[in-house]
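> Contents are CSV, C-alpha atoms and all ligand atoms; file name data11.csv:
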chain,number,residue,atom,x,y,z
A,28,MET,CA,-25.9,-1.7,-7.8
A,29,THR,CA,-23.9,1.4,-7.3
A,30,THR,CA,-27.0,3.6,-6.6
A,31,LEU,CA,-28.3,1.1,-4.1
A,32,TYR,CA,-25.0,1.3,-2.2
A,33,GLU,CA,-24.8,5.1,-2.5
A,34,ASN,CA,-28.2,5.5,-1.1
A,35,ALA,CA,-27.6,3.0,1.7
A,36,PHE,CA,-24.4,4.6,2.8
A,37,ARG,CA,-25.2,8.3,2.5
A,38,THR,CA,-23.6,10.7,5.1
A,39,GLY,CA,-25.7,10.4,8.3
A,40,SER,CA,-27.0,6.9,7.5
A,41,ARG,CA,-27.4,4.5,10.4
A,42,ILE,CA,-25.9,1.1,9.6
A,43,GLU,CA,-27.0,-1.6,12.0
A,44,GLY,CA,-25.5,-5.0,11.7
A,45,LYS,CA,-28.0,-7.8,11.4
A,46,TRP,CA,-26.0,-10.4,13.4
A,47,ASN,CA,-23.8,-8.5,15.8
A,48,GLY,CA,-26.2,-5.5,16.2
A,49,ARG,CA,-23.5,-2.9,16.3
A,50,VAL,CA,-24.6,0.5,15.0
A,51,TYR,CA,-22.4,2.7,12.8
A,52,ILE,CA,-23.1,6.3,11.6
A,53,VAL,CA,-21.7,7.2,8.1
A,54,GLU,CA,-19.6,10.4,8.3
A,55,ARG,CA,-18.3,10.5,4.7
A,56,GLN,CA,-17.1,8.4,1.8
A,57,LEU,CA,-13.4,7.5,1.9
A,58,GLY,CA,-13.1,5.7,-1.4
A,59,ALA,CA,-14.8,3.8,-4.1
A,60,GLY,CA,-12.8,1.0,-5.6
A,61,ALA,CA,-13.7,-1.5,-8.3
A,62,ASN,CA,-14.9,-3.9,-5.5
A,63,GLY,CA,-16.9,-1.7,-3.2
A,64,LEU,CA,-17.5,1.5,-1.3
A,65,VAL,CA,-15.4,2.5,1.8
A,66,MET,CA,-16.9,4.9,4.3
A,67,LEU,CA,-15.6,6.7,7.4
A,68,VAL,CA,-18.0,5.7,10.1
A,69,SER,CA,-18.3,6.3,13.8
A,70,ARG,CA,-19.5,4.2,16.7
A,71,GLY,CA,-19.6,6.1,19.9
A,72,ARG,CA,-16.4,8.0,20.0
A,73,SER,CA,-14.4,5.7,17.7
A,74,GLN,CA,-14.0,6.0,14.0
A,75,TYR,CA,-13.6,3.1,11.6
A,76,ALA,CA,-13.5,2.4,7.9
A,77,LEU,CA,-16.5,0.5,6.8
A,78,LYS,CA,-16.1,-1.4,3.5
A,79,ALA,CA,-19.1,-2.8,1.7
A,80,GLY,CA,-18.3,-5.1,-1.2
A,81,PHE,CA,-20.2,-5.3,-4.5
A,82,GLU,CA,-18.8,-8.7,-5.3
A,83,THR,CA,-19.8,-11.0,-2.4
A,84,ILE,CA,-17.2,-13.7,-3.3
A,85,ASP,CA,-14.3,-11.2,-3.4
A,86,HIS,CA,-15.5,-9.5,-0.3
A,87,GLN,CA,-15.7,-12.8,1.5
A,88,SER,CA,-12.3,-13.9,0.4
A,89,GLU,CA,-10.8,-10.7,1.7
A,90,ILE,CA,-12.6,-11.2,5.1
A,91,ASN,CA,-11.3,-14.8,5.3
A,92,VAL,CA,-7.7,-13.6,4.8
A,93,LEU,CA,-8.2,-10.9,7.5
A,94,LYS,CA,-9.7,-13.4,9.9
A,95,THR,CA,-6.7,-15.7,9.4
A,96,LEU,CA,-4.3,-12.8,9.9
A,97,SER,CA,-6.3,-11.6,13.0
A,98,GLY,CA,-5.5,-14.9,14.7
A,99,GLY,CA,-1.7,-14.6,14.2
A,100,GLU,CA,1.0,-12.4,15.8
A,101,THR,CA,1.5,-10.0,12.9
A,102,SER,CA,0.8,-6.2,12.9
A,103,PHE,CA,-2.3,-6.9,10.9
A,104,ARG,CA,-3.9,-8.5,13.9
A,105,HIS,CA,-6.3,-5.7,14.9
A,106,TYR,CA,-7.2,-4.5,11.4
A,107,LEU,CA,-10.5,-6.3,11.2
A,108,VAL,CA,-13.0,-5.0,13.7
A,109,ASP,CA,-16.4,-6.4,12.8
A,110,VAL,CA,-18.0,-8.4,10.0
A,111,ASP,CA,-21.8,-8.2,9.4
A,112,ASP,CA,-24.7,-7.8,7.0
A,113,PHE,CA,-26.8,-4.7,6.5
A,114,VAL,CA,-30.3,-5.1,5.3
A,115,TYR,CA,-31.4,-2.1,3.1
A,116,GLN,CA,-34.7,-2.1,1.2
A,117,GLY,CA,-34.9,-5.8,1.5
A,118,LYS,CA,-31.4,-6.4,0.1
A,119,THR,CA,-28.6,-7.9,2.2
A,120,ILE,CA,-25.3,-6.0,1.9
A,121,PRO,CA,-22.3,-7.6,3.5
A,122,PHE,CA,-19.8,-5.3,5.1
A,123,SER,CA,-16.6,-5.3,7.1
A,124,VAL,CA,-15.4,-2.8,9.6
A,125,LEU,CA,-11.7,-2.0,9.6
A,126,ARG,CA,-9.4,0.2,11.7
A,127,TYR,CA,-9.4,3.7,10.2
A,128,ILE,CA,-6.1,4.8,8.9
A,129,ASP,CA,-5.8,8.6,8.9
A,130,GLY,CA,-3.1,8.9,6.3
A,131,ALA,CA,-2.1,10.1,2.9
A,132,THR,CA,-1.0,8.3,-0.3
A,133,LEU,CA,2.7,7.8,-0.6
A,134,SER,CA,2.9,10.3,-3.5
A,135,THR,CA,1.2,13.0,-1.5
A,136,PHE,CA,3.4,12.3,1.5
A,137,LEU,CA,6.6,12.6,-0.5
A,138,GLN,CA,5.4,15.8,-2.2
A,139,LYS,CA,4.9,17.3,1.3
A,140,ASN,CA,7.9,15.9,3.1
A,141,GLY,CA,10.5,15.3,0.4
A,142,PRO,CA,11.5,12.4,-1.8
A,143,ASP,CA,14.2,11.1,0.6
A,144,TRP,CA,11.4,9.7,2.9
A,145,ILE,CA,11.1,7.0,0.3
A,146,PHE,CA,14.0,5.2,2.0
A,147,VAL,CA,12.3,5.0,5.4
A,148,ILE,CA,9.0,4.2,3.9
A,149,GLY,CA,10.5,1.5,1.7
A,150,THR,CA,12.0,-0.1,4.8
A,151,LYS,CA,8.7,-0.2,6.6
A,152,LEU,CA,6.9,-1.5,3.6
A,153,LEU,CA,9.4,-4.3,3.2
A,154,LYS,CA,8.9,-5.1,6.8
A,155,LYS,CA,5.2,-5.4,6.3
A,156,LEU,CA,5.7,-7.7,3.3
A,157,THR,CA,8.1,-9.8,5.3
A,158,GLU,CA,5.4,-10.2,8.0
A,159,LEU,CA,2.7,-11.1,5.4
A,160,HIS,CA,5.0,-13.5,3.6
A,161,GLY,CA,6.0,-15.1,6.9
A,162,ALA,CA,2.2,-15.8,7.4
A,163,GLY,CA,2.1,-17.7,4.1
A,164,PHE,CA,0.5,-15.0,1.9
A,165,VAL,CA,1.5,-12.8,-1.0
A,166,PHE,CA,-0.1,-9.3,-1.1
A,167,GLY,CA,-0.8,-9.5,-4.8
A,168,ASP,CA,-2.2,-6.1,-5.7
A,169,LEU,CA,0.5,-4.0,-4.2
A,170,LYS,CA,0.1,-0.4,-5.5
A,171,LEU,CA,0.1,3.2,-4.4
A,172,GLU,CA,-3.7,3.2,-3.8
A,173,ASN,CA,-3.6,0.1,-1.6
A,174,MET,CA,-1.4,1.6,1.1
A,175,LEU,CA,-1.5,4.7,3.3
A,176,ILE,CA,1.2,6.6,5.1
A,177,SER,CA,0.3,7.9,8.5
A,178,GLY,CA,2.1,9.8,11.3
A,179,TYR,CA,5.8,10.0,10.7
A,180,GLY,CA,6.0,7.8,7.7
A,181,ASP,CA,4.2,4.8,9.1
A,182,VAL,CA,3.1,2.4,6.4
A,183,GLU,CA,-0.3,0.7,6.4
A,184,LEU,CA,-1.5,-1.8,3.9
A,185,ILE,CA,-5.2,-1.3,3.5
A,186,ASP,CA,-6.7,-3.5,0.8
A,187,PHE,CA,-6.4,-7.2,1.4
A,188,GLY,CA,-8.6,-8.1,-1.6
A,189,GLY,CA,-5.6,-9.4,-3.6
A,190,VAL,CA,-3.9,-11.4,-0.9
A,191,THR,CA,-3.3,-14.9,-2.1
A,192,PRO,CA,-1.9,-18.0,-0.4
A,193,LYS,CA,1.7,-18.7,-1.6
A,194,GLY,CA,1.7,-21.0,-4.7
A,195,ASN,CA,-1.8,-20.1,-5.9
A,196,SER,CA,-2.5,-17.9,-8.9
A,197,ILE,CA,-2.6,-14.1,-8.2
A,198,LYS,CA,-6.3,-13.2,-8.1
A,199,GLN,CA,-6.4,-9.4,-8.3
A,200,LEU,CA,-3.8,-7.3,-10.0
A,201,THR,CA,-3.2,-3.9,-11.5
A,202,GLU,CA,-1.5,-4.0,-14.9
A,203,VAL,CA,1.6,-1.8,-14.6
A,204,TYR,CA,2.5,-3.4,-11.2
A,205,ASP,CA,2.1,-6.9,-12.6
A,206,ARG,CA,5.3,-8.7,-13.8
A,207,GLY,CA,3.2,-10.8,-16.2
A,208,TYR,CA,2.1,-7.6,-18.0
A,209,TRP,CA,5.8,-6.7,-18.6
A,210,GLY,CA,6.6,-10.2,-19.7
A,211,MET,CA,8.9,-10.5,-16.7
A,212,GLY,CA,7.5,-13.5,-14.8
A,213,SER,CA,4.5,-15.6,-14.0
A,214,ARG,CA,1.3,-14.7,-12.0
A,215,VAL,CA,2.1,-17.2,-9.3
A,216,ALA,CA,1.9,-15.9,-5.7
A,217,GLU,CA,5.6,-15.9,-4.8
A,218,GLU,CA,7.4,-13.4,-2.7
A,219,SER,CA,9.2,-12.1,-5.8
A,220,TYR,CA,5.8,-11.2,-7.3
A,221,ASP,CA,5.3,-8.6,-4.5
A,222,LEU,CA,8.9,-7.4,-4.8
A,223,PHE,CA,8.4,-6.7,-8.5
A,224,ALA,CA,5.3,-4.6,-7.6
A,225,PHE,CA,7.3,-3.0,-4.8
A,226,ALA,CA,10.0,-1.8,-7.2
A,227,ILE,CA,7.3,-0.4,-9.6
A,228,LEU,CA,5.6,1.3,-6.7
A,229,ILE,CA,8.9,3.0,-5.6
A,230,LEU,CA,9.5,4.2,-9.2
A,231,ASN,CA,6.0,5.4,-9.6
A,232,ALA,CA,6.0,7.3,-6.4
A,233,LEU,CA,9.3,9.1,-7.4
A,234,ASP,CA,8.2,9.7,-11.0
A,235,LYS,CA,7.1,13.3,-11.4
A,236,GLN,CA,6.4,12.8,-15.1
A,237,ASN,CA,3.8,10.0,-14.4
A,238,ARG,CA,5.4,7.8,-17.0
A,239,PHE,CA,3.5,4.7,-16.0
A,240,ALA,CA,0.2,6.3,-17.0
A,241,SER,CA,1.1,6.0,-20.7
A,242,TYR,CA,1.7,2.3,-20.4
A,243,ARG,CA,-1.8,1.5,-19.1
A,244,ASN,CA,-3.3,0.5,-22.4
A,245,SER,CA,-0.1,0.0,-24.4
A,246,LEU,CA,0.5,-3.0,-26.7
A,247,PRO,CA,2.6,-5.8,-25.2
A,248,GLN,CA,5.4,-5.2,-27.7
A,249,ASN,CA,5.7,-1.6,-26.5
A,250,ARG,CA,6.5,-2.5,-22.9
A,251,ASN,CA,9.6,-4.2,-21.9
A,252,LYS,CA,12.4,-4.6,-19.4
A,253,ASP,CA,14.6,-1.9,-21.0
A,254,ASP,CA,11.9,0.8,-20.5
A,255,LEU,CA,11.9,-0.1,-16.8
A,256,LEU,CA,15.6,-0.1,-16.4
A,257,GLU,CA,15.8,3.2,-18.2
A,258,MET,CA,13.3,4.6,-15.7
A,259,ILE,CA,15.6,3.6,-12.9
A,260,ARG,CA,18.6,5.2,-14.6
A,261,GLY,CA,16.7,8.4,-15.4
A,262,ASN,CA,15.6,9.0,-11.8
A,263,PRO,CA,18.1,10.8,-9.6
A,264,HIS,CA,16.1,10.1,-6.4
A,265,ALA,CA,16.3,6.3,-7.1
A,266,ARG,CA,20.0,6.3,-7.4
A,267,THR,CA,20.7,5.1,-3.9
A,268,VAL,CA,18.5,2.0,-4.4
A,269,SER,CA,19.0,1.5,-8.1
A,270,LEU,CA,20.8,-1.9,-7.6
A,271,PHE,CA,17.9,-3.0,-5.5
A,272,LEU,CA,15.2,-1.9,-8.0
A,273,THR,CA,17.1,-3.6,-10.9
A,274,LYS,CA,17.3,-6.9,-9.0
A,275,ALA,CA,13.7,-6.8,-7.8
A,276,LEU,CA,12.5,-6.2,-11.3
A,277,THR,CA,14.5,-8.9,-12.9
A,278,GLY,CA,13.5,-11.5,-10.3
A,279,GLU,CA,17.0,-11.7,-8.7
A,280,ILE,CA,15.6,-11.2,-5.2
A,281,SER,CA,13.6,-14.2,-4.1
A,282,SER,CA,12.5,-13.3,-0.6
A,283,SER,CA,11.4,-10.2,1.3
A,284,ARG,CA,13.9,-10.9,4.0
A,285,GLU,CA,16.7,-10.8,1.5
A,286,ALA,CA,15.1,-7.7,0.0
A,287,PHE,CA,14.9,-6.0,3.4
A,288,ARG,CA,18.6,-6.6,4.0
A,289,LEU,CA,19.7,-5.3,0.6
A,290,TRP,CA,17.5,-2.2,0.8
A,291,LYS,CA,18.8,-1.3,4.3
A,292,SER,CA,22.5,-2.0,3.4
A,293,LEU,CA,22.3,0.3,0.3
A,294,ILE,CA,20.9,3.1,2.4
A,295,VAL,CA,23.3,2.7,5.3
A,296,GLN,CA,26.1,2.7,2.7
A,297,SER,CA,24.9,5.9,1.0
A,298,ARG,CA,24.4,7.6,4.4
A,299,GLY,CA,28.0,6.7,5.3
A,300,ARG,CA,29.2,8.5,2.2
A,301,SER,CA,27.1,11.6,2.5
A,302,GLY,CA,26.5,11.9,6.3
A,303,LEU,CA,23.0,11.8,7.5
A,304,HIS,CA,21.8,14.8,5.5
A,305,PRO,CA,19.5,13.6,2.8
A,306,VAL,CA,19.6,16.9,0.8
A,307,ARG,CA,22.5,19.3,0.8
A,308,THR,CA,21.0,22.7,0.0
A,309,PRO,CA,22.6,25.9,1.2
A,310,TRP,CA,19.4,27.5,2.1
A,311,LEU,CA,16.4,25.7,3.6
A,312,LYS,CA,12.9,26.9,4.5
A,313,VAL,CA,12.1,26.3,8.2
A,314,SER,CA,9.4,23.7,7.4
A,315,LEU,CA,11.8,21.8,5.1
A,316,ALA,CA,14.5,22.0,7.7
A,317,ALA,CA,12.1,20.6,10.3
A,318,SER,CA,11.1,17.8,8.0
A,319,LEU,CA,14.7,17.0,7.3
A,320,LEU,CA,15.5,16.9,11.0
A,321,LEU,CA,12.6,14.5,11.5
A,322,PHE,CA,13.8,12.5,8.5
A,323,GLY,CA,17.2,12.2,10.1
A,324,ILE,CA,15.8,11.1,13.4
A,325,THR,CA,13.6,8.5,11.7
A,326,VAL,CA,16.5,7.2,9.6
A,327,TYR,CA,18.4,6.7,12.8
A,328,ARG,CA,15.5,5.0,14.6
A,329,TYR,CA,14.5,2.7,11.8
A,330,LEU,CA,17.5,2.0,9.7
A,331,LEU,CA,20.6,2.2,11.7
A,332,TYR,CA,19.5,0.3,14.8
B,401,LIG,N1,-8.9,1.3,6.6
B,401,LIG,C1,-8.9,2.4,5.9
B,401,LIG,N2,-8.7,3.6,6.4
B,401,LIG,C2,-8.7,4.7,5.6
B,401,LIG,N3,-9.0,4.7,4.3
B,401,LIG,C3,-9.3,3.5,3.7
B,401,LIG,C4,-9.3,2.3,4.5
B,401,LIG,N4,-9.6,1.3,3.6
B,401,LIG,C5,-9.8,1.8,2.4
B,401,LIG,N5,-9.7,3.2,2.5
B,401,LIG,C6,-9.8,4.1,1.3
B,401,LIG,O1,-10.7,3.6,0.4
B,401,LIG,C7,-10.1,3.3,-0.9
B,401,LIG,C8,-10.7,2.0,-1.4
B,401,LIG,O2,-10.4,1.0,-0.5
B,401,LIG,P1,-9.9,-0.5,-1.0
B,401,LIG,O3,-9.9,-1.4,0.2
B,401,LIG,O4,-8.6,-0.3,-1.7
B,401,LIG,O5,-11.1,-0.9,-2.0
B,401,LIG,P2,-11.1,-1.7,-3.3
B,401,LIG,O6,-10.9,-3.1,-3.0
B,401,LIG,O7,-12.4,-1.4,-3.9
B,401,LIG,O8,-9.9,-1.2,-4.1
B,401,LIG,C9,-8.6,3.3,-0.5
B,401,LIG,O9,-7.8,3.6,-1.7
B,401,LIG,C10,-8.5,4.3,0.6
B,401,LIG,O10,-8.5,5.6,0.1
B,402,MG,MG,-7.9,-0.9,-3.5
Take the structure in this file and express it as structure tokens.

Amino acid sequence: MTTLYENAFRTGSRIEGKWNGRVYIVERQLGAGANGLVMLVSRGRSQYALKAGFETIDHQSEINVLKTLSGGETSFRHYLVDVDDFVYQGKTIPFSVLRYIDGATLSTFLQKNGPDWIFVIGTKLLKKLTELHGAGFVFGDLKLENMLISGYGDVELIDFGGVTPKGNSIKQLTEVYDRGYWGMGSRVAEESYDLFAFAILILNALDKQNRFASYRNSLPQNRNKDDLLEMIRGNPHARTVSLFLTKALTGEISSSREAFRLWKSLIVQSRGRSGLHPVRTPWLKVSLAASLLLFGITVYRYLLY
């Protein structure tokens, strides 16, 4: 299966949709997940991300969610561009064409621009979750790999394969982000399910020691709430939002709206205490200073007003 897909979507390949007839040229591979291949493609002067799913049913369910969201008024509206089939050597390969997000993972973005950007990015991610929850869905498989940061800390959710209607069972998950894995809640699609994963994502992004990696195949008795709370306490960058992280992990925040308010108020409070300077270092490199200035402006724009 993999080889067929790799041959079909080699750099330079011409992908012509069977039904809509649009032609895309493959520029390069962007990612290969468990569920398919994602390619950067061009059509005329525009670039897109073309996703070809191995598992037709999963792929179809992702498309159905995106179609529903396309009809609404959320910021996900224009994400799905085209849906079609590609016939390659007699085999039909379903694909979807998505808006191309030219971005970096959150970890890379923080390494480059400084850990205090987490506050702006967390705010924007909570806003996205609020939108999705408002539309009746839970994201499900929220993790570092399923979002990209573009421009000045703009957050884009990119993989809708785990999106589940509220009240149903979560259909796609990643162990360390899953509250069930930690014995801290059910796998029912509730807003608090995403908020748990959000807290893990924040801790993971700020964790230089990559502690979550060691939990991946651990025995159930070796992972518990105290380990997570210890990770919050042991992370100086998480101090501002430690109350939030604790509440999100223990299921004390039930809605993303409430989460958004708490997150914002903790940051505003801490800025009030320290002024608007995220890091107080006597000497700063020009690039860092520029990044901090930008950070300050962004905090003003997105948090305080
Ligand atoms: N719209 C997009 N723009 C840019 N890169 C993307 C886009 N969609 C996916 N990717 C890249 O491809 C990878 C796999 O895509 P994803 O949708 O997460 O597939 P899977 O369902 O297999 O996990 C992502 O981690 C990301 O690097
Ligand atoms: Mg993914």
> Around (3.4, -11.6, -4.4) in the file's own coordinates, what residues are found within 12 Å if you use only C-alpha atoms, given back as number ranges by chain?
A: 156-157, 159-160, 163-170, 189-200, 204-207, 212-225, 275, 278, 281-283
> Which of these residues is nearest to ligand MG 402 (chain B), using all atoms listed in the file: A:Glu172, A:Glu54, A:Glu89, A:Glu43?
A:Glu172
> Which residue is closest to Glu158 of chain A? Choose from A:Gly60, A:Gly323, A:Gly99, A:Gly130 and count only C-alpha atoms.
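Among the listed residues, the smallest separation from Glu158 of chain A belongs to A:Gly99.
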> Show me which residues sit within 6 Å of ligand LIG 401 (chain B) when counting all atoms listed in the file, and put them as a PyMOL selection string.
chain A and resi 57-63+65+76+125-129+172-173+185-186+188
> Could you state the separation of atom CA of Arg300 of chain A and atom CA of Leu228 of chain A in Å, given to one decimal place?
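Atom-to-atom, atom CA of Arg300 of chain A to atom CA of Leu228 of chain A, that is 26.2 Å.
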> What's around Glu33 of chain A at 12 Å? Count all atoms listed in the file, leave out sequence neighbours fewer than 2 positions away in its own chain, and write the answer as a compact mmCIF listing (two decimals) with C-alpha atoms, keeping the file's coordinate frame.

# COMPACT_ATOMS: atom_id res chain seq x y z
CA MET A 28 -25.90 -1.70 -7.80
CA THR A 29 -23.90 1.40 -7.30
CA THR A 30 -27.00 3.60 -6.60
CA LEU A 31 -28.30 1.10 -4.10
CA ALA A 35 -27.60 3.00 1.70
CA PHE A 36 -24.40 4.60 2.80
CA ARG A 37 -25.20 8.30 2.50
CA THR A 38 -23.60 10.70 5.10
CA SER A 40 -27.00 6.90 7.50
CA VAL A 53 -21.70 7.20 8.10
CA ARG A 55 -18.30 10.50 4.70
CA GLN A 56 -17.10 8.40 1.80
CA GLY A 58 -13.10 5.70 -1.40
CA ALA A 59 -14.80 3.80 -4.10
CA GLY A 63 -16.90 -1.70 -3.20
CA LEU A 64 -17.50 1.50 -1.30
CA VAL A 65 -15.40 2.50 1.80
CA MET A 66 -16.90 4.90 4.30
CA ALA A 79 -19.10 -2.80 1.70
CA PHE A 81 -20.20 -5.30 -4.50
CA TYR A 115 -31.40 -2.10 3.10
CA ILE A 120 -25.30 -6.00 1.90
> Could you tell me how far atom CA of Lys154 of chain A sits from atom CA of Leu293 of chain A, in Å to one decimal place?
15.8 Å
> Report, in Å with one decimal, the straight-line distance from atom CA of Val182 of chain A to atom CA of Ser102 of chain A.
11.0 Å
> Looking at A:Val268, A:Leu175, A:Leu256, A:Val92, which one is nearest to Val295 of chain A, with distances taken over only C-alpha atoms?
A:Val268
> Which is closer to Val114 of chain A than all the others in A:Arg266, A:Phe287, A:Gly44, A:Arg250, using all atoms listed in the file?
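Once distances to Val114 of chain A are computed over all atoms listed in the file, the minimum belongs to A:Gly44.
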> Which residue gives the smallest distance to ligand MG 402 (chain B) among A:Thr267, A:Thr201, A:Asn140, A:Thr150, with only C-alpha atoms and all ligand atoms counted?
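For ligand MG 402 (chain B), the nearest of the given residues is A:Thr201.
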> Pick the closest to Lys139 of chain A from A:Val50, A:Tyr179, A:Arg288, A:Asn244: which is it, counting only C-alpha atoms?
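Of A:Val50, A:Tyr179, A:Arg288, A:Asn244, the one nearest Lys139 of chain A, counting only C-alpha atoms, is A:Tyr179.
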> Within 9 Å of segment 259-261 of chain A, counting all atoms listed in the file, which residues show up once you throw out same-chain ones fewer than 4 positions away? Write them as number ranges by chain, please.
A: 230, 254-255, 265-266, 269, 272-273
